[in-house]
Each structure stands twice: as C-alpha cells, then as structure tokens.
file input.txt (compact mmCIF, C-alpha atoms)
# COMPACT_ATOMS: atom_id res chain seq x y z
CA MET A 308 0.10 4.03 25.59
CA ASN A 309 -0.62 1.02 27.76
CA GLN A 310 0.61 -2.46 27.04
CA GLN A 311 -2.80 -3.86 26.16
CA ALA A 312 -3.39 -1.16 23.56
CA ASP A 313 0.07 -1.86 22.14
CA TYR A 314 -0.72 -5.54 22.00
CA PHE A 315 -3.98 -4.99 20.21
CA ASP A 316 -2.35 -2.58 17.77
CA GLN A 317 0.15 -5.28 16.95
CA ILE A 318 -2.68 -7.68 16.14
CA ILE A 319 -4.10 -5.12 13.72
CA ASP A 320 -0.64 -4.67 12.21
CA ALA A 321 -0.29 -8.41 11.83
CA TYR A 322 -3.68 -8.51 10.11
CA VAL A 323 -2.84 -5.88 7.50
CA ASP A 324 0.58 -7.48 6.97
CA GLY A 325 -0.89 -10.90 6.33
CA GLU A 326 0.71 -12.42 9.39
CA LEU A 327 -2.41 -13.80 11.05
CA GLY A 328 -3.77 -17.27 10.62
CA LEU A 329 -7.29 -17.87 9.35
CA GLU A 330 -8.83 -18.22 12.80
CA GLU A 331 -7.09 -15.13 14.13
CA ARG A 332 -8.23 -13.10 11.15
CA ARG A 333 -11.77 -14.33 11.60
CA GLU A 334 -11.72 -13.39 15.27
CA LEU A 335 -10.42 -9.93 14.54
CA LEU A 336 -12.96 -9.31 11.78
CA GLU A 337 -15.75 -10.56 13.98
CA ALA A 338 -14.67 -8.18 16.72
CA ALA A 339 -14.39 -5.38 14.17
CA SER A 340 -17.88 -6.09 12.90
CA ARG A 341 -19.16 -5.34 16.41
CA SER A 342 -17.10 -2.24 16.99
CA ASP A 343 -17.06 0.92 14.88
CA GLN A 344 -13.92 2.01 16.61
CA LEU A 345 -12.05 -1.20 15.94
CA SER A 346 -13.20 -1.41 12.33
CA ARG A 347 -12.03 2.17 11.81
CA ARG A 348 -8.64 1.29 13.28
CA VAL A 349 -8.34 -1.72 10.99
CA CYS A 350 -9.25 0.42 7.97
CA GLN A 351 -6.82 3.12 9.03
CA ALA A 352 -4.01 0.59 9.41
CA GLY A 353 -4.66 -0.79 5.92
CA TYR A 354 -4.88 2.69 4.50
CA LEU A 355 -1.64 3.78 6.15
CA LYS A 356 0.15 0.80 4.66
CA GLU A 357 -1.25 1.64 1.25
CA LEU A 358 -0.14 5.25 1.61
CA VAL A 359 3.44 4.16 2.27
CA ARG A 360 3.38 1.79 -0.68
CA SER A 361 2.02 4.53 -2.93
CA ALA A 362 4.70 6.96 -1.79
CA TYR A 363 7.42 4.66 -3.08
CA PRO A 364 6.05 3.24 -6.31
CA GLU A 365 7.27 -0.07 -7.60
CA PRO A 366 10.38 0.65 -9.65
CA SER A 367 9.39 -1.38 -12.67
CA ASP A 368 6.40 -2.37 -14.74
CA SER A 369 4.45 -5.58 -14.63
CA SER A 370 6.99 -7.34 -16.81
CA GLU A 371 9.28 -7.54 -13.83
CA PRO A 372 9.32 -11.12 -12.67
CA THR A 373 9.22 -12.90 -9.36
CA VAL A 374 11.06 -10.59 -7.00
CA SER A 375 8.58 -7.79 -7.41
CA SER A 376 5.57 -9.99 -7.06
CA ARG A 377 5.99 -10.48 -3.35
CA SER A 378 3.66 -8.50 -1.21
CA GLY A 379 2.10 -8.84 2.18
CA TRP A 380 -1.24 -9.70 0.65
CA GLY A 381 0.03 -11.90 -2.11
CA ARG A 382 2.30 -13.80 0.23
CA LEU A 383 -0.46 -14.86 2.59
CA SER A 384 -0.92 -18.30 1.14
CA GLY A 385 -2.06 -17.95 -2.35
CA TYR A 386 -5.09 -16.68 -4.09
CA ALA A 387 -7.52 -18.96 -2.31
CA MET A 388 -6.54 -17.42 0.99
CA ALA A 389 -6.74 -13.92 -0.51
CA ALA A 390 -10.21 -14.65 -1.80
CA GLY A 391 -11.24 -15.89 1.62
CA LEU A 392 -9.90 -12.76 3.19
CA VAL A 393 -11.83 -10.58 0.78
CA ALA A 394 -14.96 -12.51 1.56
CA LEU A 395 -14.45 -12.13 5.29
CA SER A 396 -13.66 -8.43 4.92
CA LEU A 397 -16.75 -7.95 2.81
CA LEU A 398 -18.87 -9.76 5.33
CA SER A 399 -17.45 -7.66 8.09
CA ALA A 400 -18.02 -4.47 6.13
CA LEU A 401 -21.62 -5.33 5.36
CA ILE A 402 -22.33 -6.28 8.94
CA LEU A 403 -20.81 -2.98 9.95
CA MET A 404 -23.00 -0.99 7.64
CA GLU A 405 -26.08 -2.66 8.93
CA GLU A 406 -25.33 -2.02 12.57
CA PRO A 407 -28.02 0.17 14.10
CA GLY A 408 -25.39 2.54 15.47
CA PHE A 409 -23.73 3.12 12.14
CA ALA A 410 -25.15 6.35 10.76
CA PRO A 411 -23.72 9.01 8.43
CA GLU A 412 -23.97 11.75 11.01
CA ARG A 413 -21.41 9.91 13.09
CA LEU A 414 -18.83 10.01 10.35
CA VAL A 415 -15.91 12.37 10.13
CA SER A 416 -17.47 14.11 7.18
CA SER A 417 -21.19 14.00 6.65
CA SER A 418 -21.11 15.95 3.41
CA PRO A 419 -22.78 14.38 0.40
CA VAL A 420 -20.74 12.32 -2.02
CA VAL A 421 -18.39 14.57 -3.95
CA VAL A 422 -18.08 12.74 -7.23
CA ASP A 423 -20.33 14.38 -9.75
CA GLY A 424 -21.97 12.08 -12.17
CA THR A 425 -21.54 8.96 -10.08
CA PRO A 426 -24.81 7.10 -10.48
CA GLY A 427 -26.65 6.67 -7.25
CA ALA A 428 -24.20 8.77 -5.29
CA SER A 429 -26.84 11.14 -4.03
CA VAL A 430 -29.24 8.46 -2.88
CA SER A 431 -29.74 8.99 0.81
CA ASN A 432 -27.94 6.56 3.06
CA PRO A 433 -27.35 3.61 0.73
CA ALA A 434 -24.94 0.85 1.62
CA ARG A 435 -21.67 1.87 0.02
CA VAL A 436 -18.66 -0.33 -0.62
CA LEU A 437 -15.35 0.66 -2.14
CA PHE A 438 -13.02 -2.00 -3.52
CA HIS A 439 -9.41 -0.97 -3.97
CA VAL A 440 -7.10 -3.00 -6.20
CA SER A 441 -3.43 -2.32 -6.83
CA SER A 442 -2.42 -5.65 -8.35
CA ASP A 443 -2.74 -6.70 -11.97
CA ASP A 444 -2.99 -10.36 -11.10
CA PRO A 445 -5.89 -11.82 -13.13
CA ALA A 446 -6.73 -14.32 -10.37
CA VAL A 447 -7.02 -11.55 -7.79
CA ALA A 448 -9.09 -9.50 -10.24
CA ASP A 449 -11.46 -12.39 -10.84
CA ASP A 450 -11.84 -12.99 -7.11
CA MET A 451 -12.60 -9.33 -6.61
CA LEU A 452 -15.22 -9.23 -9.37
CA ASP A 453 -16.77 -12.39 -7.91
CA GLN A 454 -17.24 -10.53 -4.65
CA VAL A 455 -18.49 -7.40 -6.39
CA GLU A 456 -21.01 -9.37 -8.37
CA LEU A 457 -22.09 -11.37 -5.37
CA VAL A 458 -22.89 -8.35 -3.27
CA LEU A 459 -24.61 -6.56 -6.17
CA GLN A 460 -26.78 -9.59 -6.84
CA GLU A 461 -27.64 -10.01 -3.20
CA TYR A 462 -28.73 -6.43 -2.72
CA ALA A 463 -30.59 -6.36 -6.03
CA ALA A 464 -32.47 -9.54 -5.11
CA GLU A 465 -33.57 -8.00 -1.84
CA GLY A 466 -34.39 -4.64 -3.41
CA ARG A 467 -31.95 -2.83 -1.19
CA THR A 468 -29.91 0.19 -2.26
CA LEU A 469 -26.22 -0.37 -2.75
CA GLN A 470 -23.45 1.67 -4.31
CA VAL A 471 -20.22 -0.10 -5.30
CA GLU A 472 -17.06 1.47 -6.63
CA VAL A 473 -13.83 -0.18 -7.69
CA VAL A 474 -10.76 2.02 -7.75
CA ALA A 475 -7.53 0.79 -9.35
CA ASN A 476 -4.08 2.23 -8.92
CA ASN A 477 -0.45 1.17 -9.37
CA LEU A 478 -0.37 -2.13 -11.27
CA GLY A 479 -4.08 -2.51 -10.66
CA LEU A 480 -4.55 0.10 -13.36
CA ARG A 481 -3.76 -2.60 -15.92
CA LEU A 482 -7.10 -4.15 -15.08
CA LEU A 483 -8.80 -1.08 -16.52
CA GLN A 484 -6.45 -0.64 -19.49
CA THR A 485 -7.98 -0.91 -22.94
CA GLY A 486 -6.40 -3.73 -24.91
CA ARG A 487 -4.66 -5.20 -21.89
CA SER A 488 -7.23 -5.79 -19.18
CA PRO A 489 -7.82 -9.50 -18.61
CA ILE A 490 -11.28 -8.69 -17.25
CA ALA A 491 -12.45 -6.13 -19.83
CA GLU A 492 -15.36 -8.22 -21.03
CA ARG A 493 -16.58 -8.91 -17.54
CA ILE A 494 -16.31 -5.24 -16.61
CA SER A 495 -18.33 -4.34 -19.68
CA ARG A 496 -21.00 -6.90 -18.81
CA LEU A 497 -21.22 -5.81 -15.18
CA ASP A 498 -21.30 -2.15 -16.14
CA ALA A 499 -24.17 -2.74 -18.54
CA ARG A 500 -26.10 -4.66 -15.92
CA TYR A 501 -25.58 -2.55 -12.83
CA ASN A 502 -26.08 1.21 -12.76
CA ASN A 503 -24.87 1.31 -9.18
CA LEU A 504 -21.39 0.04 -10.07
CA GLN A 505 -18.57 2.39 -10.98
CA PHE A 506 -14.96 1.70 -11.94
CA ALA A 507 -12.33 4.38 -11.38
CA ALA A 508 -8.70 4.61 -12.53
CA CYS A 509 -6.00 6.55 -10.71
CA GLY A 510 -4.86 9.58 -12.71
CA ASN A 511 -1.55 9.76 -10.84
CA THR A 512 -0.68 6.24 -11.95
CA LEU A 513 -1.63 7.11 -15.53
CA ARG A 514 0.69 10.10 -15.45
CA ARG A 515 3.44 8.01 -13.88
CA PHE A 516 3.20 5.39 -16.63
CA ARG A 517 3.43 8.16 -19.20
CA ARG A 518 6.35 9.87 -17.47
CA GLU A 519 8.41 6.85 -16.51
CA GLN A 520 7.64 4.40 -19.27
CA GLY A 521 6.41 6.61 -22.07
CA GLU A 522 3.15 4.69 -22.11
CA ASN A 523 -0.06 6.39 -23.08
CA VAL A 524 -2.50 4.11 -21.32
CA GLN A 525 -6.09 4.18 -22.54
CA ILE A 526 -8.73 3.41 -19.96
CA LEU A 527 -11.82 1.27 -20.60
CA PRO A 528 -14.88 3.36 -21.52
CA GLN A 529 -16.72 1.97 -18.48
CA ALA A 530 -14.26 3.61 -16.08
CA VAL A 531 -13.79 7.18 -14.96
CA ILE A 532 -10.42 8.72 -14.16
CA VAL A 533 -9.93 10.23 -10.73
CA GLN A 534 -7.08 12.53 -9.90
CA SER A 535 -5.51 10.30 -7.28
CA GLY A 536 -6.54 6.80 -6.29
CA VAL A 537 -5.25 7.22 -2.75
CA SER A 538 -7.03 10.54 -2.23
CA PHE A 539 -10.16 8.97 -3.65
CA VAL A 540 -9.96 6.15 -1.11
CA ALA A 541 -9.34 8.63 1.69
CA ARG A 542 -12.33 10.71 0.66
CA ARG A 543 -14.60 7.69 0.43
CA GLN A 544 -13.50 6.52 3.85
CA GLN A 545 -14.24 9.92 5.29
CA GLN A 546 -17.67 9.66 3.76
CA GLY A 547 -18.22 6.37 5.52
CA TRP A 548 -17.81 3.94 2.65
CA ALA A 549 -16.85 0.42 3.62
CA TYR A 550 -13.33 -0.08 2.32
CA ILE A 551 -12.04 -3.39 1.03
CA LYS A 552 -8.44 -3.67 -0.09
CA VAL A 553 -7.93 -6.50 -2.55
CA MET B 102 32.58 -6.12 -13.73
CA ARG B 103 34.59 -9.30 -13.42
CA LEU B 104 32.66 -10.08 -10.26
CA LEU B 105 29.42 -9.72 -12.14
CA GLN B 106 30.64 -12.00 -14.90
CA ARG B 107 31.41 -14.67 -12.34
CA LEU B 108 27.78 -14.80 -11.31
CA PRO B 109 25.63 -17.64 -12.64
CA SER B 110 23.23 -16.18 -15.20
CA GLY B 111 20.16 -16.80 -13.03
CA MET B 112 21.72 -14.97 -10.11
CA HIS B 113 22.86 -12.17 -12.39
CA ASN B 114 19.31 -11.62 -13.59
CA ARG B 115 18.03 -11.65 -10.03
CA LEU B 116 20.56 -9.04 -9.06
CA VAL B 117 19.69 -6.84 -12.04
CA ARG B 118 16.01 -7.03 -11.11
CA LEU B 119 16.76 -6.42 -7.47
CA ARG B 120 18.74 -3.24 -7.99
CA PRO B 121 15.80 -0.82 -8.40
CA ARG B 122 14.13 -2.36 -5.37
CA LEU B 123 17.27 -1.86 -3.32
CA TYR B 124 17.38 1.72 -4.51
CA ARG B 125 13.78 2.34 -3.47
CA MET B 126 14.51 0.94 -0.04
CA ALA B 127 17.73 2.94 0.36
CA LEU B 128 15.91 6.08 -0.71
CA ALA B 129 13.23 5.44 1.90
CA TRP B 130 15.90 4.96 4.55
CA CYS B 131 18.25 7.83 3.82
CA GLY B 132 16.01 10.29 1.95
CA ASN B 133 18.72 11.31 -0.51
CA ALA B 134 18.93 10.06 -4.09
CA HIS B 135 22.71 10.23 -4.44
CA GLN B 136 23.31 8.64 -1.09
CA ALA B 137 20.78 5.93 -1.90
CA ASP B 138 22.63 5.18 -5.11
CA ASP B 139 25.94 4.97 -3.25
CA LEU B 140 24.44 2.65 -0.64
CA VAL B 141 23.04 0.32 -3.28
CA GLN B 142 26.33 0.27 -5.13
CA GLU B 143 28.18 -0.53 -1.93
CA ALA B 144 25.71 -3.26 -0.99
CA ILE B 145 25.93 -4.90 -4.41
CA VAL B 146 29.72 -4.87 -4.42
CA LYS B 147 29.78 -6.39 -0.93
CA ALA B 148 27.23 -8.99 -1.96
CA LEU B 149 29.30 -9.99 -4.96
CA HIS B 150 32.43 -10.29 -2.85
CA ARG B 151 30.66 -12.39 -0.23
CA LEU B 152 28.64 -14.54 -2.54
CA ASP B 153 30.35 -17.67 -1.28
CA ARG B 154 28.85 -16.95 2.15
CA LEU B 155 25.29 -17.13 0.85
CA LYS B 156 23.94 -20.31 2.38
CA LYS B 157 20.48 -20.38 0.86
CA PRO B 158 20.30 -19.20 -2.76
CA ASP B 159 16.52 -18.92 -2.40
CA SER B 160 17.06 -16.20 0.18
CA PHE B 161 19.34 -14.20 -2.10
CA GLU B 162 17.11 -11.10 -2.13
CA ALA B 163 16.67 -11.01 1.65
CA TRP B 164 20.41 -11.57 2.04
CA VAL B 165 21.25 -8.57 -0.16
CA PHE B 166 18.72 -6.46 1.75
CA SER B 167 20.48 -7.41 4.98
CA ILE B 168 23.78 -6.22 3.47
CA LEU B 169 22.10 -3.00 2.43
CA ALA B 170 20.80 -2.54 5.98
CA ASN B 171 24.31 -2.97 7.35
CA CYS B 172 25.74 -0.51 4.83
CA HIS B 173 23.09 1.99 5.88
CA ARG B 174 23.84 1.48 9.56
CA ASP B 175 27.57 1.89 8.93
CA HIS B 176 26.82 5.07 7.09
CA CYS B 177 24.67 6.40 9.96
CA ARG B 178 27.38 5.55 12.49
CA SER B 179 30.04 7.34 10.48
CA ARG B 180 28.16 10.60 10.46
CA LYS B 181 28.96 13.45 12.82
CA PRO B 182 27.68 12.72 16.34
CA LEU B 183 25.69 15.93 16.57
CA GLU B 184 23.84 15.30 13.36
CA PRO B 185 20.35 14.16 14.28
CA ASP B 186 20.21 10.49 13.44
CA GLY B 187 16.53 10.01 13.83
CA GLU B 188 15.13 12.67 11.57
CA LEU B 189 16.25 13.23 8.04
CA VAL B 190 14.24 16.30 7.30
CA ASP B 191 15.70 18.28 4.45
CA GLU B 192 15.22 21.98 5.09
CA HIS B 193 15.11 22.65 1.38
CA ARG B 194 11.99 20.60 1.04
CA PRO B 195 8.66 22.36 1.30
CA THR B 196 7.00 22.20 4.68
CA ALA B 197 4.38 19.55 5.32
CA GLU B 198 1.65 22.19 5.10
CA GLN B 199 2.83 23.44 1.74
CA LEU B 200 2.90 19.90 0.50
CA VAL B 201 -0.62 19.22 1.64
CA ASP B 202 -1.73 22.41 -0.08
CA ALA B 203 -0.23 21.14 -3.28
CA GLU B 204 -1.94 17.78 -2.76
CA GLN B 205 1.39 16.05 -3.00
CA THR B 206 0.45 13.08 -0.93
CA VAL B 207 3.51 11.17 -1.97
CA HIS B 208 5.89 13.81 -0.72
CA ARG B 209 3.90 14.25 2.46
CA VAL B 210 4.17 10.55 3.23
CA ARG B 211 7.86 10.48 2.33
CA LEU B 212 8.49 13.42 4.59
CA ALA B 213 6.73 11.65 7.43
CA VAL B 214 8.65 8.43 6.76
CA SER B 215 11.90 10.39 6.83
CA ARG B 216 11.03 11.61 10.32
CA LEU B 217 10.69 8.15 11.80
CA ALA B 218 13.46 6.76 13.96
CA PRO B 219 15.88 4.81 11.73
CA GLY B 220 15.00 1.46 13.27
CA GLN B 221 11.29 2.06 12.79
CA ARG B 222 11.84 3.28 9.25
CA GLU B 223 13.83 0.16 8.31
CA VAL B 224 11.21 -2.23 9.62
CA LEU B 225 8.22 -0.36 8.24
CA THR B 226 9.63 -0.05 4.74
CA LEU B 227 10.81 -3.66 4.57
CA VAL B 228 7.32 -4.81 5.53
CA ASP B 229 5.28 -2.30 3.54
CA LEU B 230 7.38 -1.88 0.41
CA GLU B 231 8.94 -5.29 -0.01
CA GLY B 232 6.27 -7.34 1.70
CA PHE B 233 8.78 -9.24 3.80
CA SER B 234 7.29 -11.27 6.63
CA TYR B 235 8.11 -10.32 10.21
CA ALA B 236 10.41 -13.35 10.43
CA GLU B 237 12.22 -12.32 7.26
CA VAL B 238 12.67 -8.77 8.51
CA ALA B 239 13.99 -10.12 11.79
CA SER B 240 16.53 -12.15 9.86
CA ILE B 241 17.52 -9.26 7.57
CA LEU B 242 18.05 -6.83 10.43
CA ALA B 243 19.32 -9.41 12.93
CA LEU B 244 16.59 -8.54 15.42
CA PRO B 245 14.16 -10.60 17.49
CA VAL B 246 10.71 -10.86 15.89
CA GLY B 247 9.20 -9.13 18.94
CA THR B 248 11.43 -6.12 18.35
CA VAL B 249 10.39 -6.05 14.70
CA MET B 250 6.72 -6.01 15.74
CA SER B 251 7.15 -3.31 18.35
CA ARG B 252 9.23 -1.11 16.05
CA LEU B 253 6.67 -1.55 13.30
CA ASN B 254 3.86 -0.66 15.65
CA ARG B 255 5.60 2.40 17.08
CA GLY B 256 6.64 3.47 13.61
CA ARG B 257 3.09 3.29 12.31
CA GLN B 258 1.74 5.17 15.31
CA ARG B 259 4.28 7.91 14.76
CA LEU B 260 3.63 7.97 11.02
CA LYS B 261 -0.09 8.31 11.65
CA ASN B 262 0.51 11.18 14.05
CA LEU B 263 2.87 12.93 11.65
CA LEU B 264 0.38 12.63 8.81
CA SER B 265 -2.46 13.85 11.03
CA GLU B 266 -0.41 16.87 12.03
CA ALA B 267 0.25 17.67 8.40
CA ARG B 268 -3.41 17.47 7.45
CA GLN B 269 -5.04 20.81 6.93
CA PRO B 270 -8.66 21.00 8.08
CA ASP B 271 -11.44 22.47 6.00
CA ARG B 272 -9.37 22.58 2.86
CA PRO B 273 -11.58 23.40 -0.13
CA ARG B 274 -11.90 20.36 -2.32
CA LYS B 275 -11.19 20.46 -5.99
CA GLY B 276 -13.31 18.52 -8.40
CA TYR B 277 -11.27 15.49 -9.25
CA LEU B 278 -13.20 13.69 -11.92
CA LYS B 279 -11.63 14.10 -15.31
CA ARG B 280 -14.04 11.99 -17.25
CA VAL B 281 -17.55 10.92 -16.49
CA LYS B 282 -19.23 7.75 -17.58

call {"tool": "encode", "arguments": {"input": "input.txt", "output": "structure tokens"}}
result
Amino acid sequence: MNQQADYFDQIIDAYVDGELGLEERRELLEAASRSDQLSRRVCQAGYLKELVRSAYPEPSDSSEPTVSSRSGWGRLSGYAMAAGLVALSLLSALILMEEPGFAPERLVSSSPVVVDGTPGASVSNPARVLFHVSSDDPAVADDMLDQVELVLQEYAAEGRTLQVEVVANNLGLRLLQTGRSPIAERISRLDARYNNLQFAACGNTLRRFRREQGENVQILPQAVIVQSGVSFVARRQQQGWAYIKV
Amino acid sequence: MRLLQRLPSGMHNRLVRLRPRLYRMALAWCGNAHQADDLVQEAIVKALHRLDRLKKPDSFEAWVFSILANCHRDHCRSRKPLEPDGELVDEHRPTAEQLVDAEQTVHRVRLAVSRLAPGQREVLTLVDLEGFSYAEVASILALPVGTVMSRLNRGRQRLKNLLSEARQPDRPRKGYLKRVK
C-alpha cells in the first residue's frame, strides 16, 4: 500500500473516530459526495468500527454513569457538533444518491429489498436512507428525529419517493422500548404521518437484555424487530442504502 | 481489601464501575476469560498500590487502562518464545466459516480481532470500545500519536481483510423479520 493511500485511510479513520475538526470533516464529506468509491470507504470504516463495538457489548446497562458514556461520537464536542455531523452526513448521502452515476446495478447486490412488509420497499429505485442509533441519549435521539423529519418533509414536499428506516441496537434500543422511550410520542406521530418510515429494533440486543439483565423489553408497536441490527445494516448497505450512524 | 477501604468513596465508585470495562478490554486483548480476569485483578491491585503516583485524578480511568496495558505486555513477554505472540487463535473455537454459517457475527469479529498483531489490537480496541482519543491512547500505551494512527490504520485494514476472507458468498438468506408493522 503506498504512502498516499495510507495517509488518506488515516483521514477516514480520524473521521469515524471523531478526531477531525469541522472544516476537515466538511472537506472529507464533500469529497465523498463526489466519489462513490470514497463514500463507500467512509461507510465501510464506520461499519467496521460498529462491528467491533457490537462484538464487545458494553458491560453494563444505561444506569452506569459517566465512565461508560464516553464514545468517539459522543466525545466530539457535544451534541451540537454531533447534530452538525449528522446533518453533513445526511447532506452527503443525499447528494450521493442523486449523482447520475449512482445506480442500483452498480451495487454489490442488486437484489430487491429483502424485508417483507416494509412499506415502499419494492418501489423501484427510491432514495433510501438508513439511520443507525446505538445510544439512548435523548438529545441525540431528538437530533436524529429532526433529521429524519426534515428529509421526509423535503421529499414529500417535492413529491419524490423516499424510504427511511431507523434501526436501533445496543443502548439505542431504549429509544424503542415501551414505557421507557423518551421519544415514544414523536415516533408514534411520525409513524402515523409517514408510510415510508420504518423503525426497527435489534433482536440480538433484546435477547442480550433478557439474558444478562433478566429484562423482558417490550418494543413500541410502531417498530419491527429484526434478527440482528448489525446484519440489518450490512444488508441495507449492500442494497445501496445511504447509511448514517448517529 | 484494606487498600480498597483506603480509597476515597468517589474513587472507589469509579473503580467499581471501571472493572467491567477493564475486563472487556482485557478479553479483547488476550481472548481468554480467565486470563482477562487475572489481568484485571492484577491491574487493579497495582493501581491501588500506586495510587499516590496518580497525578491527575480526572485521568484515573486512562491511568488504570495504562496499567492494564503494561500488565498485558508483561504477560505476553513472559510467555514461551515459540508461542505465536501475534495471533491468539484458539483451535477449539469453530472456524471462521462455521461461525459465518451460524450467523455469529460477534464471534466472527472477535476471532478476527484476536488475529491482529497485539499492538494493533490494543490501539483498535482502546479507540473503538472505550472511545479514547488518539492522544489519550498514545498516553496510555506510551506511544507517539503517529504510531497510534498507523497501528490503528493497519489494524483496521487487516481486520477488514480477515472479515472479508471469512465471508461466505451466495449464502442463502433467512427471513429475519420477527414482527411486521
């Protein structure tokens, strides 16, 4: 591997680890929005990081205080920065999807969407965005739903087809937990309003909560349960969905 | 026990909360539950003995992680020279292919992590699992930041390759929705 490639890989690493400044992140996302290859590498880097995190689950539940709350994303510089990052990522993803060269036949897997019963999943070539949340932080959840709502409104206003899914795993599952979710009402309202929005909970996390903490978590009626959040993300990425990690 | 009782209550609570996180890290580094437990125990005892050397109480967690890293390195050095240091593959574990067949993503990733070079594994897990910044990892492992970045990058490249190798093409997909809206 040549030095330049190494150098650029390290920039991508720094991006997914929250080590880049605002300008550097913007530059990278702008470059990624113009390059399928680069955007794929950025997504892959984020996905790889998430895979490692999922392989070694957090040892305690959400009641664990400060020490466990540190994460590469959360550490960036607070929620405002995280929200900005989501917005930039979303922008980048949408620009990507609208590039003339971006077509399903160029994807790794061109098979139709696998999830049965997902509204709108069989619509040919819609814009498709997957949000992935693994934090139970209400501020992060609100920021994410702001972005979800924004993009849904924008596409609806322009009469364009859009499919949005939100998958929650690890502590993010709490956001979809009946009786505990801080955003239950908003989810209910969004679900009633948008047929092209789907929430999904990670079945592996559910089983882990049951096994390790004896909790029998009930999921909001607006959400479906998928076998594994990580596999779900992988599948969606293979199918060409824009992936946004919150 | 007496050492623990000497701790200020705030520090004691921090240590209690830190223990499972240390264990997770040790497990990621050495790949063996018993050994991980021993390493954590050793690191905590050393930390308690050296508490007067802690200069910045705010950095307590990172400081204990650095002790854990040293314990792990001491352990690696004390092993037989012919024992492969870089790969911790347990032959009793299922092969990567079997694991993929069983859709055990977690085990597949852990297996791949266990096959990283120790230095890469330390950096990658400190960044990905604990969310330490590059500067913090450099301080914990007593390395230059540039080395942290290059080890992280090489580690991720290798991890990606290992996971790609383990992926089985054209595997029939199972339906994975349990409940439909």

call {"tool": "residues_around", "arguments": {"input": "input.txt", "residues": "range 317-322 of chain A", "least_positions_apart": "2", "cutoff": "12 Å", "atoms": "all atoms listed in the file", "output": "number ranges by chain"}}
result
A: 310-315, 324-336, 338-339, 345-356, 379-380, 383, 392, 396; B: 225, 228-229, 234-236, 246-258

call {"tool": "atom_distance", "arguments": {"input": "input.txt", "atom1": "CA of Trp164 in chain B", "atom2": "CA of Leu116 in chain B"}}
result
11.4 Å

call {"tool": "closest_residue", "arguments": {"input": "input.txt", "among": "B:Leu244, B:Ala129, B:Leu169, B:Ala239", "to": "chain A", "atoms": "all atoms listed in the file"}}
result
B:Ala129

call {"tool": "closest_residue", "arguments": {"input": "input.txt", "among": "A:Phe506, A:Phe516, A:Tyr501, A:Tyr550", "to": "chain B", "atoms": "only C-alpha atoms"}}
result
A:Phe506

call {"tool": "interface_residues", "arguments": {"input": "input.txt", "of": "chain B", "to": "chain A", "cutoff": "10 Å", "atoms": "all atoms listed in the file", "output": "NGL selection string"}}
result
:B and (115-116 or 118-126 or 128-129 or 162 or 204-214 or 225-226 or 228-236 or 250-251 or 253-255 or 257-258 or 260-261 or 264 or 274-282)

call {"tool": "atom_distance", "arguments": {"input": "input.txt", "atom1": "CA of Asp444 in chain A", "atom2": "CA of Cys509 in chain A"}}
result
17.2 Å

call {"tool": "atom_distance", "arguments": {"input": "input.txt", "atom1": "CA of Ala475 in chain A", "atom2": "CA of Gly536 in chain A"}}
result
6.8 Å

call {"tool": "axis_aligned_box", "arguments": {"input": "input.txt", "around": "range 240-250 of chain B", "padding_each_side": "3 Å", "output": "JSON"}}
result
{"center_x": 13.0, "center_y": -9.1, "center_z": 13.3, "size_x": 18.6, "size_y": 12.1, "size_z": 17.4}

call {"tool": "closest_residue", "arguments": {"input": "input.txt", "among": "A:Leu457, A:Ala499, A:Val440, A:Met451", "to": "Gly479 in chain A", "atoms": "all atoms listed in the file"}}
result
A:Val440

call {"tool": "decode", "arguments": {"input": "input.txt", "residues": "range 524-535 of chain A", "atoms": "C-alpha atoms", "output": "PDB file, in the first residue's frame"}}
result
ATOM      1  CA  VAL A 524     -38.098  -5.418  26.950  1.00  0.00           C
ATOM      2  CA  GLN A 525     -41.290  -4.576  25.077  1.00  0.00           C
ATOM      3  CA  ILE A 526     -40.861  -2.727  21.816  1.00  0.00           C
ATOM      4  CA  LEU A 527     -43.094   0.123  20.638  1.00  0.00           C
ATOM      5  CA  PRO A 528     -45.889  -1.063  18.336  1.00  0.00           C
ATOM      6  CA  GLN A 529     -44.557   1.187  15.564  1.00  0.00           C
ATOM      7  CA  ALA A 530     -41.301  -0.780  15.363  1.00  0.00           C
ATOM      8  CA  VAL A 531     -40.450  -4.146  13.899  1.00  0.00           C
ATOM      9  CA  ILE A 532     -37.864  -6.497  15.368  1.00  0.00           C
ATOM     10  CA  VAL A 533     -35.032  -7.629  13.144  1.00  0.00           C
ATOM     11  CA  GLN A 534     -32.813 -10.543  13.982  1.00  0.00           C
ATOM     12  CA  SER A 535     -29.594  -8.550  14.205  1.00  0.00           C
TER      13      SER A 535
END
